[in-house]
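> First the structure, which I've put down as structure tokens, then a few questions once you've had a look.
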Amino acid sequence: MATDLEASPADTAQDPVRGRGATDIADRVVAKIAAQAAREALDRVPRGGSKPHASVVVHRDAARVAVTLELDYPSDVGRQCGAVRSRVRSRVEHLVGLEVHEVTVDVERLHSALTRDDTPRGRLS
């Protein structure tokens, strides 16, 4: 359950739409929005790397988001993680209406030109 809009009788009288029911958004939908927001915040996904992945825990009208991603090496890891946190928080709050209490970013792997699979290895003739 992602959002549960409960209205008091006074709120219902002022806003008849709230009195019609509740909206539930699945956690996996919020996770997909968070992963897309993380992709948007990154300079680019490293060649040979995987796209960001997100998991979400929702309790009432608040969410905690964990994002796992891969970055190029060298890169400004702190700046990119900060951009991901900011973008994920703003997109989830804006699109879903949840308050995001925490965004954890886990950099799983750094990709350098020397470790990519497309780089020739061995002796050059």
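How things are named: the first chain in the structure tokens is A, the next is B, and so on; residues count from 1 in each chain; ligands count from 1 in the order shown.
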As an MDAnalysis selection string, please: the residues near A:Ser50 (cut-off 10 Å, only C-alpha atoms, same-chain neighbours under 5 positions excluded).

chainID A and resid 45 68:71 109

> Excluding A:Val58 and residues on its chain fewer than 4 positions from it, collect all residues at most 12 Å away from it, counting only C-alpha atoms, and give them as a ChimeraX atom specification.

/A:1-4,24-31,62-66,92,96-102

> Please determine, counting only C-alpha atoms, which residue among A:Ser90, A:Thr23, A:Asp106, A:Gln80 has the shortest atom-to-atom distance to A:Arg60.

A:Thr23

> Please run DSSP on the backbone and report, as a list of chain:residue names, all residues within stretch 17-72 of chain A that come out as alpha helix (DSSP H).

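Secondary structure check on stretch 17-72 of chain A, alpha helix (DSSP H): A:Asp27, A:Arg28, A:Val29, A:Val30, A:Ala31, A:Lys32, A:Ile33, A:Ala34, A:Ala35, A:Gln36, A:Ala37, A:Ala38, A:Arg39, A:Glu40, A:Ala41.
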
> Residues near A:Ala35, anyone? I mean within 7 Å using only C-alpha atoms, not counting same-chain ones fewer than 3 positions away, as a count of residues only.

7

> I need the residue nearest A:Glu93 from this list: A:Arg47, A:Gly78, A:Ala37, A:Leu110. Use only C-alpha atoms for the distance.

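Using only C-alpha atoms, the shortest distance to A:Glu93 belongs to A:Ala37.
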
> With only C-alpha atoms as the counted atoms, please give the residues lying no more than 9 Å from A:Ala41, apart from itself and same-chain residues fewer than 2 positions off, as a PyMOL selection string.

chain A and resi 36-39+43-44+80-81+83-88
